[in-house]
$ cat my_file.csv   # CSV, C-alpha atoms and all ligand atoms
chain,number,residue,atom,x,y,z
A,11,MET,CA,28.0,27.4,22.7
A,12,SER,CA,26.1,24.9,20.6
A,13,GLU,CA,24.8,21.6,22.2
A,14,PRO,CA,26.7,18.5,21.0
A,15,ILE,CA,24.4,16.4,18.8
A,16,ILE,CA,24.1,12.9,20.1
A,17,GLU,CA,23.2,10.6,17.2
A,18,PRO,CA,21.7,7.3,18.2
A,19,ILE,CA,23.0,4.3,16.3
A,20,PHE,CA,20.3,4.1,13.7
A,21,ASP,CA,19.5,1.2,11.5
A,22,VAL,CA,17.7,3.1,8.7
A,23,ALA,CA,16.1,0.1,7.2
A,24,GLU,CA,14.6,-0.9,10.6
A,25,PHE,CA,13.5,2.7,11.1
A,26,ARG,CA,11.7,2.6,7.8
A,27,ARG,CA,10.0,-0.7,8.7
A,28,ALA,CA,8.9,0.8,12.0
A,29,LEU,CA,7.4,3.8,10.2
A,30,GLY,CA,5.7,1.5,7.8
A,31,ALA,CA,3.5,0.2,10.7
A,32,PHE,CA,1.6,3.4,10.6
A,33,VAL,CA,-1.5,2.9,8.3
A,34,THR,CA,-2.1,5.8,6.0
A,35,GLY,CA,-4.2,6.7,3.1
A,36,VAL,CA,-2.7,7.6,-0.3
A,37,THR,CA,-2.9,11.0,-1.9
A,38,VAL,CA,-1.7,12.7,-5.0
A,39,VAL,CA,-0.4,16.3,-4.5
A,40,THR,CA,-0.7,18.6,-7.5
A,41,THR,CA,-0.1,22.1,-8.7
A,42,ILE,CA,0.2,24.1,-11.9
A,43,GLN,CA,3.8,25.1,-12.7
A,44,PRO,CA,4.8,28.6,-13.9
A,45,ASP,CA,4.7,27.4,-17.5
A,46,GLY,CA,1.0,26.4,-17.0
A,47,SER,CA,1.5,22.6,-17.1
A,48,PRO,CA,0.2,20.4,-14.3
A,49,ARG,CA,2.7,18.7,-11.9
A,50,GLY,CA,2.0,16.0,-9.2
A,51,PHE,CA,3.4,13.2,-7.1
A,52,THR,CA,2.0,10.5,-4.8
A,53,ALA,CA,2.2,11.1,-1.1
A,54,ASN,CA,1.2,9.3,2.1
A,55,SER,CA,2.6,11.9,4.4
A,56,PHE,CA,-0.7,13.9,4.2
A,57,THR,CA,-2.0,15.0,7.6
A,58,SER,CA,-4.7,17.3,8.9
A,59,VAL,CA,-3.3,20.1,11.0
A,60,SER,CA,-5.9,22.7,12.0
A,61,LEU,CA,-9.7,23.2,11.8
A,62,ASP,CA,-9.6,27.0,12.4
A,63,PRO,CA,-7.9,28.1,10.2
A,64,PRO,CA,-8.4,25.0,8.0
A,65,LEU,CA,-4.8,23.7,7.5
A,66,ILE,CA,-3.4,20.4,6.1
A,67,LEU,CA,0.2,19.4,5.4
A,68,VAL,CA,2.2,17.1,3.2
A,69,CYS,CA,6.0,16.3,3.3
A,70,ILE,CA,8.0,16.4,0.1
A,71,ALA,CA,11.5,14.7,-0.2
A,72,LYS,CA,14.2,17.2,-1.3
A,73,THR,CA,15.2,14.5,-3.7
A,74,ALA,CA,11.8,14.5,-5.5
A,75,SER,CA,12.1,16.1,-8.9
A,76,SER,CA,9.1,18.2,-8.2
A,77,HIS,CA,10.5,19.5,-4.9
A,78,ALA,CA,11.5,22.9,-6.3
A,79,VAL,CA,8.1,23.4,-7.9
A,80,PHE,CA,6.2,22.7,-4.7
A,81,SER,CA,8.5,24.6,-2.4
A,82,THR,CA,7.7,27.8,-4.4
A,83,THR,CA,4.1,27.3,-5.5
A,84,ASP,CA,1.4,29.5,-4.0
A,85,HIS,CA,-1.3,27.0,-4.5
A,86,PHE,CA,-1.7,23.2,-4.6
A,87,ALA,CA,-4.4,20.5,-4.2
A,88,VAL,CA,-4.5,17.1,-2.5
A,89,SER,CA,-6.6,14.2,-3.9
A,90,VAL,CA,-7.2,11.4,-1.4
A,91,LEU,CA,-7.3,8.3,-3.6
A,92,ALA,CA,-10.1,5.8,-3.7
A,93,GLU,CA,-9.6,2.1,-3.5
A,94,SER,CA,-9.9,1.7,-7.3
A,95,GLN,CA,-7.1,4.2,-7.9
A,96,LYS,CA,-3.9,2.1,-7.2
A,97,ASN,CA,-2.9,2.8,-10.8
A,98,VAL,CA,-3.2,6.6,-10.2
A,99,SER,CA,-0.9,6.2,-7.2
A,100,SER,CA,1.5,4.2,-9.3
A,101,VAL,CA,1.6,6.8,-12.1
A,102,PHE,CA,2.2,9.7,-9.7
A,103,ALA,CA,4.9,7.7,-7.8
A,104,SER,CA,6.8,7.2,-11.1
A,105,LYS,CA,9.1,9.5,-13.0
A,106,SER,CA,6.8,9.4,-16.0
A,107,ALA,CA,7.0,12.7,-18.1
A,108,ASP,CA,3.3,12.6,-18.9
A,109,LYS,CA,1.6,11.6,-15.6
A,110,PHE,CA,-1.5,13.7,-16.3
A,111,ALA,CA,-2.1,12.1,-19.8
A,112,GLN,CA,-2.6,8.7,-18.0
A,113,VAL,CA,-5.4,9.7,-15.6
A,114,ALA,CA,-8.7,11.6,-15.5
A,115,TRP,CA,-8.4,15.0,-13.8
A,116,ARG,CA,-9.9,18.5,-13.7
A,117,ALA,CA,-8.9,21.9,-12.4
A,118,ARG,CA,-10.3,23.2,-9.1
A,119,ALA,CA,-11.0,26.7,-7.7
A,120,THR,CA,-7.3,27.7,-7.3
A,121,GLY,CA,-6.6,26.2,-10.8
A,122,ALA,CA,-4.8,23.2,-9.2
A,123,PRO,CA,-5.7,19.9,-10.9
A,124,VAL,CA,-7.4,17.1,-8.9
A,125,MET,CA,-8.0,13.4,-9.7
A,126,GLU,CA,-11.5,12.4,-10.9
A,127,GLY,CA,-13.0,9.7,-8.7
A,128,ALA,CA,-10.9,10.6,-5.6
A,129,SER,CA,-12.5,9.9,-2.2
A,130,ALA,CA,-11.8,13.6,-1.2
A,131,THR,CA,-10.0,16.6,-2.6
A,132,PHE,CA,-8.6,19.6,-0.9
A,133,ASP,CA,-7.8,22.8,-2.8
A,134,CYS,CA,-5.2,24.9,-0.9
A,135,ARG,CA,-3.3,28.2,-0.9
A,136,THR,CA,0.3,27.7,0.4
A,137,HIS,CA,0.3,28.8,4.1
A,138,GLU,CA,3.9,28.0,5.0
A,139,VAL,CA,6.8,25.9,3.8
A,140,VAL,CA,9.0,24.5,6.6
A,141,ASP,CA,12.4,23.0,6.1
A,142,ALA,CA,12.6,19.6,7.9
A,143,GLY,CA,15.7,17.4,7.4
A,144,ASP,CA,15.7,15.7,4.0
A,145,HIS,CA,12.0,16.9,3.4
A,146,ILE,CA,10.1,20.1,3.4
A,147,ILE,CA,6.7,20.4,5.1
A,148,LEU,CA,4.2,22.1,2.8
A,149,ILE,CA,1.3,23.5,4.9
A,150,GLY,CA,-1.8,24.4,2.9
A,151,ARG,CA,-4.8,26.6,3.9
A,152,VAL,CA,-7.8,24.8,2.5
A,153,VAL,CA,-10.0,27.1,0.4
A,154,ASP,CA,-12.3,24.4,-1.0
A,155,PHE,CA,-12.9,20.7,-0.5
A,156,VAL,CA,-15.1,17.8,-1.8
A,157,HIS,CA,-15.7,14.4,-0.4
A,158,THR,CA,-17.5,11.3,-1.7
A,159,ASN,CA,-18.7,7.9,-0.4
A,160,SER,CA,-16.0,5.9,-2.2
A,161,SER,CA,-13.9,3.7,0.0
A,162,PRO,CA,-10.4,5.2,0.4
A,163,LEU,CA,-7.2,3.4,-0.6
A,164,GLY,CA,-5.0,2.4,2.4
A,165,TYR,CA,-1.2,1.8,2.7
A,166,CYS,CA,0.7,-0.1,5.3
A,167,ARG,CA,4.1,-1.8,5.4
A,168,GLY,CA,4.9,-1.0,1.8
A,169,ALA,CA,1.6,-2.4,0.3
A,170,TYR,CA,-1.9,-1.2,-0.5
A,171,VAL,CA,-4.8,-2.1,1.8
A,172,ASN,CA,-8.4,-2.5,0.6
A,173,PHE,CA,-10.5,-1.8,3.7
A,174,SER,CA,-13.8,-2.8,1.9
A,175,LEU,CA,-12.5,-6.3,1.3
A,176,SER,CA,-13.4,-7.2,4.9
A,177,GLN,CA,-17.1,-6.8,4.1
A,178,ASP,CA,-16.8,-8.9,1.0
A,179,ALA,CA,-15.1,-11.6,2.9
A,180,LEU,CA,-17.8,-11.6,5.6
A,181,ALA,CA,-20.4,-11.8,2.9
A,182,ALA,CA,-18.7,-14.9,1.5
A,183,THR,CA,-19.1,-16.9,4.7
A,184,GLY,CA,-21.3,-19.9,4.0
A,185,ALA,CA,-19.9,-20.5,0.6
A,186,ARG,CA,-17.1,-23.1,0.2
A,187,ALA,CA,-14.1,-21.1,1.3
A,188,GLN,CA,-10.4,-21.4,1.3
A,189,VAL,CA,-8.7,-19.0,3.7
A,190,GLY,CA,-4.9,-18.5,3.2
A,191,ALA,CA,-2.0,-16.3,4.2
A,192,ILE,CA,0.7,-14.5,2.4
A,193,LEU,CA,3.3,-14.4,5.1
A,194,GLU,CA,6.7,-12.7,5.1
A,195,HIS,CA,9.5,-13.6,7.3
A,196,ARG,CA,12.5,-11.2,7.2
A,197,ASP,CA,12.7,-10.5,3.5
A,198,GLY,CA,11.2,-13.8,2.3
A,199,LEU,CA,7.8,-15.3,1.7
A,200,VAL,CA,6.6,-18.4,3.4
A,201,LEU,CA,5.9,-21.2,0.9
A,202,LEU,CA,5.0,-24.8,1.7
A,203,GLU,CA,6.4,-27.7,-0.2
A,204,THR,CA,3.7,-30.2,-1.2
A,205,PRO,CA,3.9,-33.2,-3.6
A,206,GLU,CA,2.0,-31.1,-6.3
A,207,GLY,CA,4.3,-28.1,-5.9
A,208,PHE,CA,4.6,-25.0,-3.7
A,209,ALA,CA,1.6,-23.6,-2.0
A,210,LEU,CA,0.6,-20.9,0.6
A,211,PRO,CA,-0.7,-22.0,4.0
A,212,THR,CA,-4.5,-22.4,3.8
A,213,GLY,CA,-7.4,-23.7,5.8
A,214,VAL,CA,-11.2,-24.0,5.2
A,215,LYS,CA,-11.8,-21.1,7.6
A,216,LEU,CA,-9.8,-18.6,9.6
A,217,GLU,CA,-10.1,-19.8,13.2
A,218,PRO,CA,-9.8,-21.2,15.8
A,219,ALA,CA,-6.2,-22.5,16.2
A,220,SER,CA,-7.6,-25.6,18.0
A,221,ASP,CA,-9.3,-26.7,14.7
A,222,ALA,CA,-6.6,-28.3,12.5
A,223,ALA,CA,-8.6,-27.5,9.4
A,224,SER,CA,-8.6,-23.7,10.0
A,225,LEU,CA,-5.8,-21.5,8.8
A,226,ARG,CA,-4.8,-20.7,12.4
A,227,GLY,CA,-4.8,-24.4,13.1
A,228,VAL,CA,-2.6,-25.1,10.0
A,229,LEU,CA,-0.2,-22.4,11.0
A,230,ALA,CA,0.0,-23.7,14.6
A,231,LYS,CA,0.7,-27.2,13.4
A,232,LEU,CA,3.5,-25.9,11.3
A,233,GLY,CA,5.0,-24.1,14.3
A,234,LEU,CA,4.5,-20.7,12.6
A,235,VAL,CA,3.7,-17.9,15.1
A,236,ALA,CA,2.1,-15.5,12.6
A,237,HIS,CA,0.4,-12.1,12.7
A,238,LEU,CA,-2.2,-11.4,10.0
A,239,ASP,CA,-2.3,-7.7,9.1
A,240,PHE,CA,-5.0,-7.3,6.4
A,241,LEU,CA,-7.1,-8.9,3.9
A,242,PHE,CA,-5.1,-8.9,0.6
A,243,ALA,CA,-7.5,-10.6,-1.9
A,244,VAL,CA,-10.9,-12.2,-2.2
A,245,PHE,CA,-11.8,-14.1,-5.3
A,246,GLU,CA,-13.8,-17.0,-6.6
A,247,ALA,CA,-12.1,-20.0,-8.3
A,248,GLY,CA,-13.6,-22.9,-10.2
A,249,GLN,CA,-17.0,-23.2,-11.9
A,250,GLY,CA,-20.5,-24.3,-10.8
A,251,PRO,CA,-20.8,-26.5,-7.8
A,252,SER,CA,-17.1,-26.9,-7.4
A,253,SER,CA,-16.5,-23.2,-7.2
A,254,SER,CA,-15.1,-21.8,-3.9
A,255,VAL,CA,-14.3,-18.4,-2.4
A,256,HIS,CA,-10.7,-17.8,-1.7
A,257,VAL,CA,-9.8,-15.3,1.0
A,258,TYR,CA,-6.1,-14.3,1.5
A,259,TYR,CA,-4.6,-12.3,4.3
A,260,ARG,CA,-1.2,-10.8,4.4
A,261,GLY,CA,0.9,-10.9,7.5
A,262,ARG,CA,4.3,-11.7,9.1
A,263,VAL,CA,5.9,-14.5,11.0
A,264,ASN,CA,7.1,-13.4,14.4
A,265,SER,CA,10.8,-14.3,14.7
A,266,SER,CA,10.2,-15.9,18.1
A,267,GLY,CA,8.3,-18.7,16.5
A,268,ALA,CA,10.7,-19.2,13.6
A,269,ALA,CA,12.9,-21.7,15.5
A,270,MET,CA,10.2,-24.3,15.6
A,271,MET,CA,9.5,-24.3,11.8
A,272,ASP,CA,8.5,-27.4,10.0
A,273,ASN,CA,10.7,-28.9,7.2
A,274,ALA,CA,8.0,-28.3,4.6
A,275,ILE,CA,8.4,-24.5,5.1
A,276,HIS,CA,10.6,-22.6,2.7
A,277,ILE,CA,11.4,-18.9,3.2
A,278,VAL,CA,11.9,-17.7,-0.4
A,279,PRO,CA,13.2,-14.2,-1.2
A,280,LEU,CA,10.5,-12.2,-3.1
A,281,ALA,CA,12.8,-11.9,-6.1
A,282,ARG,CA,13.3,-15.7,-6.3
A,283,ILE,CA,9.8,-17.2,-6.1
A,284,PRO,CA,9.7,-20.4,-8.2
A,285,TRP,CA,6.7,-19.2,-10.3
A,286,GLY,CA,6.6,-22.4,-12.4
A,287,GLU,CA,6.4,-24.6,-9.3
A,288,LEU,CA,3.4,-23.0,-7.7
A,289,ARG,CA,0.6,-25.4,-7.4
A,290,ASP,CA,-2.3,-23.1,-8.1
A,291,GLU,CA,-2.6,-20.6,-10.9
A,292,ALA,CA,-4.9,-18.2,-9.2
A,293,VAL,CA,-2.5,-18.0,-6.3
A,294,ARG,CA,0.4,-17.4,-8.7
A,295,SER,CA,-1.4,-14.5,-10.2
A,296,MET,CA,-2.3,-13.1,-6.8
A,297,LEU,CA,1.3,-13.5,-5.6
A,298,GLN,CA,2.6,-11.7,-8.7
A,299,ARG,CA,0.5,-8.7,-7.8
A,300,TYR,CA,1.8,-9.0,-4.2
A,301,VAL,CA,5.4,-9.0,-5.3
A,302,ARG,CA,4.9,-6.1,-7.7
A,303,GLU,CA,3.4,-4.1,-4.8
A,304,ARG,CA,6.2,-5.0,-2.5
A,305,SER,CA,9.2,-4.9,-4.9
A,306,GLU,CA,9.9,-1.2,-5.4
A,307,ASP,CA,11.6,0.2,-2.4
A,308,ALA,CA,12.9,3.4,-4.0
A,309,PHE,CA,10.8,6.0,-2.2
A,310,GLY,CA,13.0,7.1,0.6
A,311,ILE,CA,11.0,6.6,3.8
A,312,TYR,CA,8.0,5.2,2.0
A,313,VAL,CA,8.8,1.5,2.1
A,314,GLY,CA,7.4,2.1,-1.3
A,315,ASP,CA,5.8,0.4,-4.2
A,316,THR,CA,4.0,1.0,-7.4
A,317,GLU,CA,1.4,-1.2,-8.9
A,318,ALA,CA,-1.0,-1.1,-11.8
A,319,GLY,CA,-3.4,-3.9,-11.2
A,320,THR,CA,-6.6,-3.8,-9.2
A,321,VAL,CA,-8.1,-6.4,-6.8
A,322,GLN,CA,-10.8,-8.4,-8.6
A,323,THR,CA,-13.2,-8.7,-5.7
A,324,LEU,CA,-15.1,-12.0,-5.7
A,325,ALA,CA,-14.1,-12.6,-9.3
A,326,ALA,CA,-11.4,-14.8,-10.9
A,327,ALA,CA,-8.0,-13.6,-9.9
A,328,HIS,CA,-6.5,-13.7,-13.3
B,1,LIG,C1,2.4,5.1,-1.4
B,1,LIG,C2,3.5,6.2,-1.6
B,1,LIG,C3,3.6,7.3,-0.8
B,1,LIG,C4,4.6,8.2,-1.0
B,1,LIG,N1,4.6,9.3,-0.2
B,1,LIG,C5,5.5,10.3,-0.5
B,1,LIG,C6,5.5,11.5,0.3
B,1,LIG,O1,4.7,11.7,1.2
B,1,LIG,N2,6.4,12.5,0.0
B,1,LIG,C7,7.3,12.3,-1.0
B,1,LIG,O2,8.1,13.2,-1.2
B,1,LIG,N3,7.3,11.2,-1.8
B,1,LIG,C8,6.4,10.2,-1.6
B,1,LIG,N4,6.4,9.1,-2.3
B,1,LIG,C9,7.4,9.0,-3.4
B,1,LIG,C10,7.0,9.9,-4.6
B,1,LIG,O3,5.7,9.7,-5.1
B,1,LIG,C11,8.0,9.6,-5.8
B,1,LIG,O4,9.3,9.8,-5.4
B,1,LIG,C12,7.7,10.4,-7.0
B,1,LIG,O5,8.6,9.9,-8.0
B,1,LIG,C13,8.0,11.8,-6.9
B,1,LIG,O6,7.6,12.4,-8.1
B,1,LIG,P1,8.6,13.5,-8.8
B,1,LIG,O7,9.9,12.8,-8.9
B,1,LIG,O8,7.9,13.7,-10.2
B,1,LIG,O9,8.7,14.6,-7.9
B,1,LIG,C14,5.4,8.1,-2.1
B,1,LIG,C15,5.3,7.0,-3.0
B,1,LIG,C16,4.3,6.0,-2.7
B,1,LIG,C17,4.2,4.9,-3.7
$ encode --input "my_file.csv" --output "structure tokens" --more "lines below"
Ligand SMILES: Cc1cc2nc3c(=O)[nH]c(=O)nc-3n(C[C@H](O)[C@H](O)[C@H](O)COP(=O)(O)O)c2cc1C
Amino acid sequence: MSEPIIEPIFDVAEFRRALGAFVTGVTVVTTIQPDGSPRGFTANSFTSVSLDPPLILVCIAKTASSHAVFSTTDHFAVSVLAESQKNVSSVFASKSADKFAQVAWRARATGAPVMEGASATFDCRTHEVVDAGDHIILIGRVVDFVHTNSSPLGYCRGAYVNFSLSQDALAATGARAQVGAILEHRDGLVLLETPEGFALPTGVKLEPASDAASLRGVLAKLGLVAHLDFLFAVFEAGQGPSSSVHVYYRGRVNSSGAAMMDNAIHIVPLARIPWGELRDEAVRSMLQRYVRERSEDAFGIYVGDTEAGTVQTLAAAH
């Protein structure tokens, strides 16, 4: 007699958001098809499995057009993307017919293609393919690998993370700084209405909350209980003595604090940001990148995105 299956009442969107809290890297999984042409897709489900024997895995959606190719291939490679390779992630997360024409790649020992400039690459023979719900788990036995010093690209809550930005931001202390936050609340962005137009919350430094001039102080005064996740951008604005370093974090407003919100605060859906009414052009350009990175949610469980730009570290943001 088969056990009755008790299905919990599942809010799939919430489940995806919860999964998005797990910070991952970004990889491109590649192989050579029977006709000799290369094939690949972006994946953040890459995981190390075993040291002896050396095994790794990646999960592939059954809805991916390359699912059939990867479920039958006897070899494949995984390229762990570097911070400068958001465009590579974007190309391989797309349905583009000529993904490999848009990137630099080369063939490895098994013949599988890997991305030039990746932080690490793993060349694998297929060890096992496991059926798992709406995905398959492709387990590879690593036959060769390479790693470099380049900082890996991160991914969390549907957007890319540049870990090395933290060091740049620290290096910038001492310069005239503006520290701001790109905050989401539910599916909207927190904008402040000012006489000169809409702006993001900013301060002259990050902390403490007891200092009204700091970002934490500004948020506290507005009644926003916010959690800052990661640095999103660091750039210089203005020329000569009036130039300043701008440091922007991305984060979320905790719903518990939302009831106390100030009148100046507007929660604007990402699709309806009043671009023409933003006070600062550098902020507009940075927010456009943010919205691009957040807007595409078409990747099953991958709270996904695609994006072609790169962060201009300590350089003008536009
Ligand atoms: C950051 C990121 C991570 C992704 N991770 C996976 C993954 O682990 N498995 C998967 O099947 N699709 C993943 N996707 C979605 C695929 O890259 C996307 O569906 C792609 O179009 C598949 O290529 P194909 O249609 O040519 O097979 C991810 C997308 C992004 C942007």
$ residues_near_ligand --input "my_file.csv" --ligand "ligand LIG 1 (chain B)" --cutoff "7 Å" --atoms "only C-alpha atoms and all ligand atoms" --output "list in words"
Val36, Gly50, Phe51, Thr52, Ala53, Asn54, Ser55, Phe56, Val68, Cys69, Ile70, Ala71, Ala74, Ser75, Ser76, His77, Ser99, Ser100, Phe102, Ala103, Ser104, Lys105, Tyr165, Phe309, Tyr312, Gly314, Asp315 and Thr316 of chain A
$ closest_residue --input "my_file.csv" --among "A:Asp84, A:Asp21, A:Glu203, A:Asp133" --to "Arg118 in chain A" --atoms "only C-alpha atoms"
A:Asp133
$ closest_residue --input "my_file.csv" --among "A:Gln95, A:Gln249, A:Arg49, A:Lys72" --to "Gly143 in chain A" --atoms "only C-alpha atoms"
A:Lys72
$ residues_around --input "my_file.csv" --residues "Leu65 in chain A" --least-positions-apart "3" --cutoff "8 Å" --atoms "only C-alpha atoms" --output "count of residues only"
10
$ residues_near_point --input "my_file.csv" --point "(-10.6, 2.9, 0.4)" --cutoff "10 Å" --atoms "all atoms listed in the file" --output "PyMOL selection string"
chain A and resi 35-36+90-95+128-129+159-165+170-175
$ closest_atom_pairs --input "my_file.csv" --of "range 150-217 of chain A" --to "range 270-282 of chain A" --cutoff "7 Å" --atoms "only C-alpha atoms" --output "Markdown table"
| residue | atom | partner | partner_atom | distance |
| --- | --- | --- | --- | --- |
| A:His195 | CA | A:Ile277 | CA | 7.0 |
| A:Asp197 | CA | A:Pro279 | CA | 6.0 |
| A:Gly198 | CA | A:Pro279 | CA | 4.1 |
| A:Leu199 | CA | A:Val278 | CA | 5.2 |
| A:Val200 | CA | A:Ile277 | CA | 4.8 |
| A:Leu201 | CA | A:His276 | CA | 5.2 |
| A:Leu202 | CA | A:Ile275 | CA | 4.8 |
| A:Glu203 | CA | A:Ala274 | CA | 5.1 |
$ residues_around --input "my_file.csv" --residues "range 288-291 of chain A" --least-positions-apart "3" --cutoff "6 Å" --atoms "only C-alpha atoms" --output "list of chain:residue names"
A:Glu206, A:Gly207, A:Phe208, A:Ala209, A:Trp285, A:Arg294
$ closest_residue --input "my_file.csv" --among "A:Val101, A:Ile42, A:Cys134, A:Val22" --to "Ala114 in chain A" --atoms "only C-alpha atoms"
A:Val101
$ closest_residue --input "my_file.csv" --among "A:Phe132, A:Trp115, A:Phe110, A:Phe32" --to "Phe86 in chain A" --atoms "all atoms listed in the file"
A:Phe132
$ atom_distance --input "my_file.csv" --atom1 "CA of Glu194 in chain A" --atom2 "CA of Glu246 in chain A"
24.0 Å
$ closest_residue --input "my_file.csv" --among "A:Gly46, A:Pro64, A:Gly248, A:Gly127" --to "Thr83 in chain A" --atoms "only C-alpha atoms"
A:Gly46
$ atom_distance --input "my_file.csv" --atom1 "CA of Ile66 in chain A" --atom2 "CA of Thr37 in chain A"
12.4 Å
$ atom_distance --input "my_file.csv" --atom1 "CA of Ile146 in chain A" --atom2 "CA of Ser47 in chain A"
22.4 Å
$ residues_around --input "my_file.csv" --residues "Gly190 in chain A" --least-positions-apart "5" --cutoff "6 Å" --atoms "all atoms listed in the file" --output "list in words"
Pro211, Thr212 and Tyr258 of chain A
$ closest_residue --input "my_file.csv" --among "A:Arg135, A:Arg299, A:Arg167, A:Lys96" --to "Gly121 in chain A" --atoms "all atoms listed in the file"
A:Arg135
